[in-house]
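So this block is model33.json, JSON, C-alpha atoms and all ligand atoms:
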[["chain", "number", "residue", "atom", "x", "y", "z"],
["A", 17, "MET", "CA", -2.70, 25.97, -3.34],
["A", 18, "ARG", "CA", 0.47, 24.25, -2.13],
["A", 19, "ALA", "CA", 1.29, 20.82, -3.50],
["A", 20, "ALA", "CA", 4.23, 18.39, -3.63],
["A", 21, "ILE", "CA", 5.04, 17.92, -7.32],
["A", 22, "LEU", "CA", 7.36, 15.25, -8.66],
["A", 23, "PHE", "CA", 9.65, 16.73, -11.34],
["A", 24, "GLY", "CA", 11.73, 13.59, -11.92],
["A", 25, "PRO", "CA", 13.50, 10.82, -9.99],
["A", 26, "GLU", "CA", 14.28, 12.09, -6.47],
["A", 27, "ASP", "CA", 13.19, 15.60, -7.46],
["A", 28, "LEU", "CA", 10.13, 16.46, -5.36],
["A", 29, "ARG", "CA", 9.28, 20.14, -4.85],
["A", 30, "VAL", "CA", 6.59, 21.77, -2.76],
["A", 31, "GLN", "CA", 5.23, 24.76, -4.62],
["A", 32, "ARG", "CA", 2.15, 26.84, -5.44],
["A", 33, "VAL", "CA", 0.05, 25.34, -8.22],
["A", 34, "PRO", "CA", -3.40, 26.11, -9.67],
["A", 35, "ASP", "CA", -6.31, 24.55, -7.77],
["A", 36, "PRO", "CA", -7.19, 21.06, -9.06],
["A", 37, "GLU", "CA", -10.22, 20.63, -11.31],
["A", 38, "GLY", "CA", -12.48, 17.59, -11.35],
["A", 39, "GLU", "CA", -15.82, 16.11, -10.37],
["A", 40, "VAL", "CA", -15.33, 16.47, -6.59],
["A", 41, "ILE", "CA", -12.76, 18.57, -4.71],
["A", 42, "VAL", "CA", -11.54, 17.26, -1.36],
["A", 43, "THR", "CA", -9.63, 19.29, 1.24],
["A", 44, "VAL", "CA", -6.83, 16.97, 2.33],
["A", 45, "GLU", "CA", -6.58, 16.35, 6.08],
["A", 46, "ALA", "CA", -4.15, 13.43, 6.00],
["A", 47, "ALA", "CA", -2.08, 11.77, 3.28],
["A", 48, "THR", "CA", 0.11, 8.86, 4.34],
["A", 49, "THR", "CA", 3.37, 7.80, 2.71],
["A", 50, "CYS", "CA", 4.14, 4.22, 1.73],
["A", 51, "GLY", "CA", 6.78, 2.07, 0.09],
["A", 52, "THR", "CA", 5.16, 2.69, -3.29],
["A", 53, "ASP", "CA", 5.73, 6.43, -2.79],
["A", 54, "VAL", "CA", 9.42, 5.76, -2.15],
["A", 55, "LYS", "CA", 9.56, 3.65, -5.33],
["A", 56, "MET", "CA", 7.69, 6.33, -7.32],
["A", 57, "TRP", "CA", 9.97, 9.05, -5.97],
["A", 58, "ARG", "CA", 13.11, 7.07, -6.71],
["A", 59, "HIS", "CA", 12.34, 5.20, -9.96],
["A", 60, "GLY", "CA", 9.07, 6.51, -11.41],
["A", 61, "HIS", "CA", 5.98, 4.31, -11.75],
["A", 62, "ARG", "CA", 3.55, 3.30, -14.46],
["A", 63, "ALA", "CA", 0.73, 5.01, -12.53],
["A", 64, "LEU", "CA", 2.45, 8.41, -12.66],
["A", 65, "GLY", "CA", 1.65, 10.77, -15.48],
["A", 66, "PRO", "CA", 4.44, 12.55, -17.38],
["A", 67, "TYR", "CA", 6.71, 14.76, -15.20],
["A", 68, "PRO", "CA", 6.02, 17.14, -13.56],
["A", 69, "CYS", "CA", 3.18, 15.22, -11.90],
["A", 70, "PRO", "CA", 1.06, 15.23, -8.74],
["A", 71, "PHE", "CA", 1.97, 12.67, -6.15],
["A", 72, "GLY", "CA", 0.44, 10.87, -3.15],
["A", 73, "HIS", "CA", -2.19, 8.11, -3.21],
["A", 74, "GLU", "CA", -3.34, 7.48, 0.40],
["A", 75, "THR", "CA", -5.60, 10.44, 1.04],
["A", 76, "ALA", "CA", -8.43, 11.39, 3.40],
["A", 77, "GLY", "CA", -10.24, 14.66, 3.91],
["A", 78, "LEU", "CA", -13.44, 16.67, 3.50],
["A", 79, "ARG", "CA", -15.58, 16.98, 0.38],
["A", 80, "ILE", "CA", -15.88, 20.66, -0.34],
["A", 81, "ASP", "CA", -19.40, 20.28, -1.81],
["A", 82, "THR", "CA", -21.06, 18.25, 0.97],
["A", 83, "GLY", "CA", -18.66, 18.48, 3.93],
["A", 84, "GLU", "CA", -18.63, 14.67, 4.15],
["A", 85, "ARG", "CA", -15.45, 12.98, 5.44],
["A", 86, "VAL", "CA", -14.08, 10.72, 2.70],
["A", 87, "LEU", "CA", -11.23, 8.44, 1.82],
["A", 88, "VAL", "CA", -10.03, 9.18, -1.73],
["A", 89, "SER", "CA", -9.19, 5.83, -3.29],
["A", 90, "ASP", "CA", -6.15, 5.92, -5.56],
["A", 91, "SER", "CA", -7.99, 4.57, -8.59],
["A", 92, "VAL", "CA", -11.27, 3.76, -10.26],
["A", 93, "ALA", "CA", -11.73, 0.58, -12.30],
["A", 94, "CYS", "CA", -13.40, 0.87, -15.72],
["A", 95, "GLU", "CA", -16.09, -1.78, -15.03],
["A", 96, "SER", "CA", -16.16, -2.77, -18.69],
["A", 97, "CYS", "CA", -12.87, -4.55, -19.53],
["A", 98, "PRO", "CA", -12.84, -8.39, -19.46],
["A", 99, "GLN", "CA", -11.13, -8.42, -16.03],
["A", 100, "CYS", "CA", -13.67, -6.04, -14.48],
["A", 101, "ARG", "CA", -16.53, -8.01, -16.02],
["A", 102, "SER", "CA", -15.15, -11.26, -14.55],
["A", 103, "GLY", "CA", -15.08, -9.78, -11.05],
["A", 104, "ARG", "CA", -11.40, -8.86, -10.91],
["A", 105, "PRO", "CA", -11.29, -5.04, -10.94],
["A", 106, "GLN", "CA", -7.89, -5.17, -9.20],
["A", 107, "ILE", "CA", -6.33, -6.02, -12.56],
["A", 108, "CYS", "CA", -8.53, -3.71, -14.63],
["A", 109, "ARG", "CA", -6.88, -2.92, -17.97],
["A", 110, "ASP", "CA", -8.15, 0.64, -17.96],
["A", 111, "LEU", "CA", -7.71, 1.79, -14.36],
["A", 112, "SER", "CA", -7.93, 5.56, -13.86],
["A", 113, "TRP", "CA", -5.40, 6.63, -11.23],
["A", 114, "VAL", "CA", -6.25, 9.37, -8.74],
["A", 115, "LEU", "CA", -2.99, 10.84, -7.49],
["A", 116, "GLY", "CA", -2.15, 14.13, -5.83],
["A", 117, "GLY", "CA", -2.84, 13.59, -2.12],
["A", 118, "PHE", "CA", 0.27, 15.47, -1.07],
["A", 119, "ALA", "CA", -1.47, 18.79, -1.63],
["A", 120, "GLU", "CA", -3.95, 21.08, 0.09],
["A", 121, "ARG", "CA", -6.72, 19.87, -2.21],
["A", 122, "ILE", "CA", -7.26, 16.92, -4.57],
["A", 123, "ALA", "CA", -9.77, 16.44, -7.38],
["A", 124, "ALA", "CA", -11.39, 13.01, -7.67],
["A", 125, "PRO", "CA", -14.21, 11.29, -9.53],
["A", 126, "ALA", "CA", -17.13, 10.55, -7.18],
["A", 127, "GLY", "CA", -16.50, 6.84, -7.81],
["A", 128, "ALA", "CA", -13.16, 7.08, -5.99],
["A", 129, "LEU", "CA", -14.71, 8.31, -2.74],
["A", 130, "HIS", "CA", -15.59, 6.23, 0.33],
["A", 131, "PRO", "CA", -17.37, 7.62, 3.40],
["A", 132, "ILE", "CA", -15.18, 7.39, 6.52],
["A", 133, "PRO", "CA", -16.85, 5.60, 9.46],
["A", 134, "ASP", "CA", -17.65, 7.93, 12.37],
["A", 135, "GLY", "CA", -14.85, 8.31, 14.87],
["A", 136, "LEU", "CA", -12.08, 7.07, 12.57],
["A", 137, "PRO", "CA", -9.36, 9.75, 12.28],
["A", 138, "ALA", "CA", -8.30, 10.94, 8.83],
["A", 139, "ALA", "CA", -4.78, 9.46, 9.21],
["A", 140, "ALA", "CA", -6.31, 6.03, 9.92],
["A", 141, "ALA", "CA", -8.74, 6.35, 7.02],
["A", 142, "ALA", "CA", -5.88, 7.18, 4.63],
["A", 143, "MET", "CA", -4.28, 3.87, 5.63],
["A", 144, "ALA", "CA", -7.37, 2.00, 4.44],
["A", 145, "GLU", "CA", -5.93, 2.30, 0.93],
["A", 146, "PRO", "CA", -2.87, 0.05, 1.59],
["A", 147, "LEU", "CA", -4.90, -2.05, 4.04],
["A", 148, "ALA", "CA", -7.32, -2.80, 1.19],
["A", 149, "ALA", "CA", -4.37, -4.22, -0.78],
["A", 150, "ALA", "CA", -3.58, -6.36, 2.29],
["A", 151, "VAL", "CA", -7.23, -7.52, 2.39],
["A", 152, "HIS", "CA", -6.86, -8.53, -1.27],
["A", 153, "ALA", "CA", -3.52, -10.29, -0.63],
["A", 154, "VAL", "CA", -5.08, -12.33, 2.18],
["A", 155, "ALA", "CA", -7.95, -13.27, -0.14],
["A", 156, "ARG", "CA", -5.41, -14.46, -2.72],
["A", 157, "GLY", "CA", -4.02, -16.88, -0.10],
["A", 158, "THR", "CA", -7.38, -18.28, 0.95],
["A", 159, "ALA", "CA", -7.64, -22.02, 1.64],
["A", 160, "CYS", "CA", -4.03, -22.45, 2.70],
["A", 161, "ALA", "CA", -2.80, -23.26, 6.21],
["A", 162, "ASP", "CA", 0.32, -22.11, 8.04],
["A", 163, "PRO", "CA", 0.69, -18.55, 6.71],
["A", 164, "ALA", "CA", 4.07, -16.85, 6.79],
["A", 165, "ILE", "CA", 5.04, -13.35, 5.72],
["A", 166, "LEU", "CA", 8.37, -12.20, 4.36],
["A", 167, "GLY", "CA", 8.86, -8.53, 5.24],
["A", 168, "GLY", "CA", 7.77, -6.58, 8.33],
["A", 169, "GLY", "CA", 7.13, -3.21, 6.68],
["A", 170, "PRO", "CA", 3.65, -1.67, 6.89],
["A", 171, "MET", "CA", 2.24, -4.06, 4.25],
["A", 172, "GLY", "CA", 3.65, -7.19, 5.94],
["A", 173, "LEU", "CA", 2.37, -6.02, 9.32],
["A", 174, "MET", "CA", -1.09, -5.23, 7.88],
["A", 175, "ILE", "CA", -1.33, -8.73, 6.38],
["A", 176, "ALA", "CA", -0.22, -10.17, 9.73],
["A", 177, "SER", "CA", -2.88, -8.11, 11.56],
["A", 178, "LEU", "CA", -5.66, -9.31, 9.27],
["A", 179, "LEU", "CA", -4.58, -12.95, 9.66],
["A", 180, "THR", "CA", -4.18, -12.83, 13.45],
["A", 181, "ALA", "CA", -7.61, -11.11, 13.65],
["A", 182, "GLN", "CA", -8.96, -14.26, 11.93],
["A", 183, "GLY", "CA", -7.41, -16.30, 14.76],
["A", 184, "ARG", "CA", -4.70, -17.77, 12.56],
["A", 185, "SER", "CA", -1.19, -18.41, 13.75],
["A", 186, "VAL", "CA", 1.25, -16.32, 11.70],
["A", 187, "THR", "CA", 5.03, -16.23, 11.27],
["A", 188, "LEU", "CA", 6.67, -13.02, 10.04],
["A", 189, "ALA", "CA", 10.32, -12.75, 8.99],
["A", 190, "ASP", "CA", 12.30, -9.51, 8.98],
["A", 191, "PRO", "CA", 15.96, -8.75, 9.67],
["A", 192, "HIS", "CA", 15.07, -5.66, 11.78],
["A", 193, "PRO", "CA", 14.51, -6.54, 15.46],
["A", 194, "GLU", "CA", 12.14, -3.56, 15.85],
["A", 195, "ARG", "CA", 9.88, -4.90, 13.11],
["A", 196, "ARG", "CA", 9.92, -8.40, 14.61],
["A", 197, "ARG", "CA", 8.84, -6.80, 17.88],
["A", 198, "GLN", "CA", 6.01, -4.96, 16.05],
["A", 199, "ALA", "CA", 4.93, -8.33, 14.58],
["A", 200, "GLU", "CA", 4.90, -9.90, 18.04],
["A", 201, "GLN", "CA", 2.79, -7.03, 19.39],
["A", 202, "ILE", "CA", 0.06, -7.98, 16.93],
["A", 203, "GLY", "CA", 0.26, -11.65, 17.85],
["A", 204, "ALA", "CA", 2.54, -12.99, 15.10],
["A", 205, "ARG", "CA", 5.76, -14.93, 15.65],
["A", 206, "GLY", "CA", 8.76, -12.80, 14.62],
["A", 207, "VAL", "CA", 11.69, -14.68, 13.05],
["A", 208, "THR", "CA", 14.74, -13.79, 10.96],
["A", 209, "GLU", "CA", 14.16, -16.45, 8.30],
["A", 210, "LEU", "CA", 11.27, -18.56, 7.01],
["A", 211, "ALA", "CA", 11.35, -22.26, 6.20],
["A", 212, "ALA", "CA", 8.84, -24.70, 4.70],
["A", 213, "HIS", "CA", 5.47, -22.94, 5.00],
["A", 214, "GLU", "CA", 2.34, -23.89, 3.07],
["A", 215, "LEU", "CA", 1.55, -20.24, 2.38],
["A", 216, "VAL", "CA", 4.13, -17.46, 2.02],
["A", 217, "PHE", "CA", 3.29, -13.80, 1.42],
["A", 218, "GLU", "CA", 6.14, -11.79, -0.10],
["A", 219, "ALA", "CA", 5.78, -8.21, 1.18],
["A", 220, "VAL", "CA", 9.14, -6.65, 0.36],
["A", 221, "GLY", "CA", 9.11, -5.96, -3.39],
["A", 222, "ARG", "CA", 12.66, -6.83, -4.39],
["A", 223, "PRO", "CA", 13.84, -9.60, -6.74],
["A", 224, "GLU", "CA", 15.86, -11.33, -4.00],
["A", 225, "ALA", "CA", 12.79, -11.32, -1.73],
["A", 226, "TRP", "CA", 10.68, -12.94, -4.46],
["A", 227, "ARG", "CA", 13.31, -15.69, -4.69],
["A", 228, "ALA", "CA", 13.50, -16.04, -0.88],
["A", 229, "ALA", "CA", 9.70, -16.31, -0.63],
["A", 230, "ILE", "CA", 9.69, -19.12, -3.20],
["A", 231, "GLY", "CA", 12.51, -20.81, -1.26],
["A", 232, "ALA", "CA", 10.48, -20.58, 1.97],
["A", 233, "ALA", "CA", 7.46, -22.45, 0.60],
["A", 234, "ARG", "CA", 7.19, -26.18, 1.17],
["A", 235, "PRO", "CA", 6.48, -28.52, -1.77],
["A", 236, "GLY", "CA", 2.91, -28.00, -2.94],
["A", 237, "GLY", "CA", 2.78, -24.58, -1.29],
["A", 238, "VAL", "CA", 1.45, -21.23, -2.45],
["A", 239, "VAL", "CA", 3.47, -18.02, -2.73],
["A", 240, "VAL", "CA", 1.55, -14.74, -2.90],
["A", 241, "LEU", "CA", 3.68, -11.97, -4.40],
["A", 242, "VAL", "CA", 2.45, -8.73, -2.86],
["A", 243, "GLY", "CA", 5.43, -6.41, -3.17],
["A", 244, "GLY", "CA", 5.94, -5.10, -6.70],
["A", 245, "CYS", "CA", 9.49, -5.09, -8.03],
["A", 246, "PRO", "CA", 10.82, -1.80, -9.48],
["A", 247, "LEU", "CA", 10.02, -1.18, -13.14],
["A", 248, "GLY", "CA", 12.28, -3.18, -15.41],
["A", 249, "ALA", "CA", 13.77, -5.31, -12.60],
["A", 250, "GLU", "CA", 15.02, -8.69, -13.82],
["A", 251, "VAL", "CA", 13.77, -11.47, -11.56],
["A", 252, "GLN", "CA", 15.33, -14.90, -11.95],
["A", 253, "LEU", "CA", 12.94, -17.37, -10.39],
["A", 254, "PRO", "CA", 13.85, -20.95, -9.38],
["A", 255, "THR", "CA", 11.67, -22.52, -12.03],
["A", 256, "GLY", "CA", 12.79, -26.04, -10.99],
["A", 257, "ALA", "CA", 11.10, -25.58, -7.60],
["A", 258, "VAL", "CA", 7.96, -24.33, -9.31],
["A", 259, "HIS", "CA", 7.86, -27.41, -11.52],
["A", 260, "TYR", "CA", 9.14, -30.27, -9.31],
["A", 261, "ASP", "CA", 7.61, -28.96, -6.08],
["A", 262, "GLU", "CA", 4.39, -27.83, -7.78],
["A", 263, "LEU", "CA", 4.60, -24.43, -6.13],
["A", 264, "GLU", "CA", 1.85, -22.05, -7.05],
["A", 265, "LEU", "CA", 2.84, -18.41, -7.57],
["A", 266, "ARG", "CA", -0.01, -15.92, -7.24],
["A", 267, "GLY", "CA", 0.30, -12.20, -7.80],
["A", 268, "ALA", "CA", -1.65, -9.87, -5.51],
["A", 269, "PHE", "CA", -2.10, -6.41, -6.92],
["A", 270, "HIS", "CA", -4.17, -3.53, -5.69],
["A", 271, "HIS", "CA", -7.76, -3.82, -4.44],
["A", 272, "SER", "CA", -11.43, -3.52, -5.33],
["A", 273, "ARG", "CA", -13.95, -0.95, -4.06],
["A", 274, "ALA", "CA", -15.42, -3.58, -1.74],
["A", 275, "GLU", "CA", -11.95, -4.33, -0.34],
["A", 276, "VAL", "CA", -11.45, -0.62, 0.45],
["A", 277, "ASP", "CA", -14.74, -0.61, 2.36],
["A", 278, "ALA", "CA", -13.71, -3.82, 4.16],
["A", 279, "ALA", "CA", -10.45, -2.13, 5.16],
["A", 280, "LEU", "CA", -12.28, 0.93, 6.52],
["A", 281, "SER", "CA", -14.56, -1.38, 8.53],
["A", 282, "ALA", "CA", -11.59, -3.35, 9.90],
["A", 283, "LEU", "CA", -9.96, -0.11, 11.06],
["A", 284, "ALA", "CA", -13.18, 1.25, 12.57],
["A", 285, "ALA", "CA", -13.82, -2.04, 14.39],
["A", 286, "GLY", "CA", -10.28, -2.05, 15.79],
["A", 287, "HIS", "CA", -9.35, -5.36, 14.07],
["A", 288, "VAL", "CA", -6.29, -3.61, 12.72],
["A", 289, "ASP", "CA", -4.50, -1.14, 14.98],
["A", 290, "TRP", "CA", -3.20, 1.65, 12.77],
["A", 291, "ARG", "CA", -1.48, 3.61, 15.55],
["A", 292, "PRO", "CA", 1.81, 1.64, 15.69],
["A", 293, "LEU", "CA", 2.16, 2.18, 11.92],
["A", 294, "ALA", "CA", 1.70, 5.94, 12.09],
["A", 295, "GLY", "CA", 4.92, 7.89, 12.20],
["A", 296, "ASP", "CA", 5.11, 11.60, 12.94],
["A", 297, "THR", "CA", 2.63, 14.02, 11.42],
["A", 298, "ILE", "CA", 4.55, 16.35, 9.13],
["A", 299, "ALA", "CA", 3.93, 19.38, 6.93],
["A", 300, "LEU", "CA", 4.10, 19.17, 3.11],
["A", 301, "GLU", "CA", 7.46, 20.95, 3.19],
["A", 302, "GLU", "CA", 8.97, 18.12, 5.25],
["A", 303, "LEU", "CA", 7.93, 15.39, 2.79],
["A", 304, "PRO", "CA", 11.04, 15.35, 0.53],
["A", 305, "ARG", "CA", 13.31, 14.85, 3.53],
["A", 306, "ALA", "CA", 10.98, 12.20, 5.03],
["A", 307, "LEU", "CA", 11.00, 10.13, 1.79],
["A", 308, "ALA", "CA", 14.78, 10.32, 1.65],
["A", 309, "SER", "CA", 15.20, 9.23, 5.26],
["A", 310, "GLY", "CA", 14.99, 5.51, 4.40],
["A", 311, "ALA", "CA", 13.05, 2.60, 5.82],
["A", 312, "GLY", "CA", 15.39, 1.11, 8.44],
["A", 313, "GLY", "CA", 14.15, 0.37, 11.95],
["A", 314, "ARG", "CA", 10.50, 0.53, 12.94],
["A", 315, "ALA", "CA", 7.92, 0.23, 10.15],
["A", 316, "ARG", "CA", 6.04, 3.50, 9.93],
["A", 317, "LYS", "CA", 4.14, 5.69, 7.55],
["A", 318, "TRP", "CA", 4.55, 9.44, 7.69],
["A", 319, "VAL", "CA", 1.27, 11.30, 8.03],
["A", 320, "VAL", "CA", 1.34, 14.45, 5.91],
["A", 321, "ASP", "CA", -1.13, 17.13, 7.06],
["A", 322, "PRO", "CA", -1.12, 19.81, 4.34],
["A", 323, "ARG", "CA", -2.95, 22.20, 6.68],
["A", 324, "LEU", "CA", 0.23, 22.55, 8.76],
["B", 1, "ZN", "ZN", 0.46, 3.08, -0.76],
["B", 2, "ZN", "ZN", -11.62, -2.61, -16.12]]
Rewrite the coordinates I just gave you, this time as structure tokens.
Ligand SMILES: [Zn+2]
Ligand SMILES: [Zn+2]
Amino acid sequence: MRAAILFGPEDLRVQRVPDPEGEVIVTVEAATTCGTDVKMWRHGHRALGPYPCPFGHETAGLRIDTGERVLVSDSVACESCPQCRSGRPQICRDLSWVLGGFAERIAAPAGALHPIPDGLPAAAAAMAEPLAAAVHAVARGTACADPAILGGGPMGLMIASLLTAQGRSVTLADPHPERRRQAEQIGARGVTELAAHELVFEAVGRPEAWRAAIGAARPGGVVVLVGGCPLGAEVQLPTGAVHYDELELRGAFHHSRAEVDAALSALAAGHVDWRPLAGDTIALEELPRALASGAGGRARKWVVDPRL
């Protein structure tokens, strides 16, 4: 089969590889790209195996054995570590990653599969993976008023969609006017800078954005750090603000199985409109160029259809 294989930083090649082996084989119909893919492509990632390695973690398609339409979640929690046992599988210490969506077929354990609600296109279902992380991020900010989001990429816009669907008034900051416009289309207020919010979601994933998010929280506020910084990044945090202003910093990482199902339901019910986030549908061969094309302008996710 054809697959996009990562050989090293910024070295992605589409080539013929042996068919994958595993519990269930899924024919890929849509695999969406995300900011994590760009980070993985550029810097590597702890979830990647040794190079050369399969790549792509937002994947939907057809089970070869049953013909059922499924979302392939990017991981399976162990269910036995202390974190899993205390109800926090997002931070499982023994997560098994399921990568390789940028390929004609992917092998997955049955525990990674989620049935796709009827009528939901494969490209939309693939986006349930990042949306599940947004569902988890929103849960990490529960019980706080006045939510604000730093960063109008797909993750920031998904968090904004979930919050506006709850009837909450949301402010989203991004320097790109097109992304502010996207935020306004989903009912959020688009601004260039945040100031003095009780709840701030950081959805950029850069050290300076972590600092800006902390600076945008009012005394006693909560900052939810959603965007992961690149491996080894040094982040100098304003510890004085954390102490004297009693700011609470909460990480938000990944998602649980239930949060993936909640994301699929939100998409199927139309609470989150995936269409504005979908960029062009492209063939596997176009993926290296798409990842290199940068994130400026409108927030979008490329939809890779390996059948093209
Ligand atoms: Zn992703
Ligand atoms: Zn675990």
**Environment of ligand ZN 2 (chain B) within 6 Å, counting only C-alpha atoms and all ligand atoms, reported as a PyMOL selection string** = chain A and resi 93-97+99-100+105+108-110
Take the residues from that selection and write them out as a PDB file, in the frame of the given file, keeping C-alpha atoms.
ATOM      1  CA  ALA A  93     -11.730   0.580 -12.300  1.00  0.00           C
ATOM      2  CA  CYS A  94     -13.400   0.870 -15.720  1.00  0.00           C
ATOM      3  CA  GLU A  95     -16.090  -1.780 -15.030  1.00  0.00           C
ATOM      4  CA  SER A  96     -16.160  -2.770 -18.690  1.00  0.00           C
ATOM      5  CA  CYS A  97     -12.870  -4.550 -19.530  1.00  0.00           C
ATOM      6  CA  GLN A  99     -11.130  -8.420 -16.030  1.00  0.00           C
ATOM      7  CA  CYS A 100     -13.670  -6.040 -14.480  1.00  0.00           C
ATOM      8  CA  PRO A 105     -11.290  -5.040 -10.940  1.00  0.00           C
ATOM      9  CA  CYS A 108      -8.530  -3.710 -14.630  1.00  0.00           C
ATOM     10  CA  ARG A 109      -6.880  -2.920 -17.970  1.00  0.00           C
ATOM     11  CA  ASP A 110      -8.150   0.640 -17.960  1.00  0.00           C
TER      12      ASP A 110
END
Which residues of chain A come within 6 Å of ligand ZN 1 (chain B), and what is each one's closest atom pair and distance in Å (one decimal), counting all atoms listed in the file, sorted by chain and residue number, as a tab-separated table?
residue	atom	partner	partner_atom	distance
A:Cys50	CA	B:ZN1	ZN	4.6
A:Thr52	CA	B:ZN1	ZN	5.4
A:Glu74	CA	B:ZN1	ZN	5.9
A:Pro146	CA	B:ZN1	ZN	5.1
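Here atom CA of A:Thr158 stands at a distance of 25.5 Å from atom CA of A:Val251.
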**Nearest to A:Val288 by atom-to-atom distance, counting only C-alpha atoms, from A:Pro68, A:Gly203, A:Gly167, A:Pro131** = A:Gly203
**Message:** Given the point (3.0, -7.8, 7.6) in the file's coordinates, find the residues that have an atom at most 12 Å from it, counting all atoms listed in the file, and give them as JSON, numbers by chain.
**Reply:** {"A": [146, 147, 149, 150, 151, 153, 154, 163, 164, 165, 166, 167, 168, 169, 170, 171, 172, 173, 174, 175, 176, 177, 178, 179, 180, 186, 187, 188, 189, 190, 195, 196, 197, 198, 199, 200, 201, 202, 203, 204, 205, 206, 216, 217, 218, 219, 220, 242, 243, 288, 293, 315, 316]}
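Put simply, atom CA of A:Val319 is 12.3 Å away from atom CA of A:Pro292.
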**Item:** Nearby residues (all atoms listed in the file) at most 10 Å from A:Ala233, same-chain spacing under 5 positions excluded, as a ChimeraX atom specification
**Value:** /A:163-164,210-217,228,238-239,257,261,263-264
Keeping C-alpha atoms, export the residues of the selection given above as a compact mmCIF listing (two decimals), keeping the file's coordinate frame.
# COMPACT_ATOMS: atom_id res chain seq x y z
CA PRO A 163 0.69 -18.55 6.71
CA ALA A 164 4.07 -16.85 6.79
CA LEU A 210 11.27 -18.56 7.01
CA ALA A 211 11.35 -22.26 6.20
CA ALA A 212 8.84 -24.70 4.70
CA HIS A 213 5.47 -22.94 5.00
CA GLU A 214 2.34 -23.89 3.07
CA LEU A 215 1.55 -20.24 2.38
CA VAL A 216 4.13 -17.46 2.02
CA PHE A 217 3.29 -13.80 1.42
CA ALA A 228 13.50 -16.04 -0.88
CA VAL A 238 1.45 -21.23 -2.45
CA VAL A 239 3.47 -18.02 -2.73
CA ALA A 257 11.10 -25.58 -7.60
CA ASP A 261 7.61 -28.96 -6.08
CA LEU A 263 4.60 -24.43 -6.13
CA GLU A 264 1.85 -22.05 -7.05
**Prompt:** For A:Glu250, which of A:Pro193, A:Pro223, A:Glu145, A:Arg291 is the closest residue, counting all atoms listed in the file?
**Reply:**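 That would be A:Pro223, the residue with the smallest distance to A:Glu250.
For the atom pair formed by atom CA of A:Thr297 and atom CA of A:Val44, the distance is 13.4 Å, given to one decimal.
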**Asked** Any idea what's packed within 12 Å of A:Pro304, counting only C-alpha atoms, ignoring anything in its chain fewer than 4 positions away? Could you give it as a PyMOL selection string?
**Response** chain A and resi 19-22+25-30+49+53-54+57-58+71+118+298-300+308-310+318+320
**Request:** Select, from A:Thr208, A:Ser112, A:Gln252, A:Gln31, the residue with the minimum atom-to-atom distance to A:Arg222, counting only C-alpha atoms.
**Result:** A:Gln252
**Request:** May I ask which of the residues A:Ala249, A:Ala123, A:Leu87, A:Ala181 is the closest one to A:Ala144, counting all atoms listed in the file?
**Result:**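 Between A:Ala249, A:Ala123, A:Leu87, A:Ala181, the residue approaching A:Ala144 most closely is A:Leu87.
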**Request:** Measuring atom to atom with all atoms listed in the file, identify which of A:Leu129, A:Met56, A:Ala155, A:Ala140 is nearest to A:Gly244.
**Result:**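 So, comparing all the options, the nearest one is A:Met56.
Distances to A:Gly256 were evaluated for A:Pro34, A:Asp321, A:Pro235, A:Pro70 using all atoms listed in the file, and the minimum falls at A:Pro235.
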**Item:** For A:His130: contacts at 10 Å, only C-alpha atoms, fewer than 3 positions along chain excluded, given as a list in words
**Value:** Ala76, Glu84, Arg85, Val86, Leu87, Val88, Ser89, Ala126, Gly127, Pro133, Ala141, Arg273, Val276, Asp277 and Leu280 of chain A
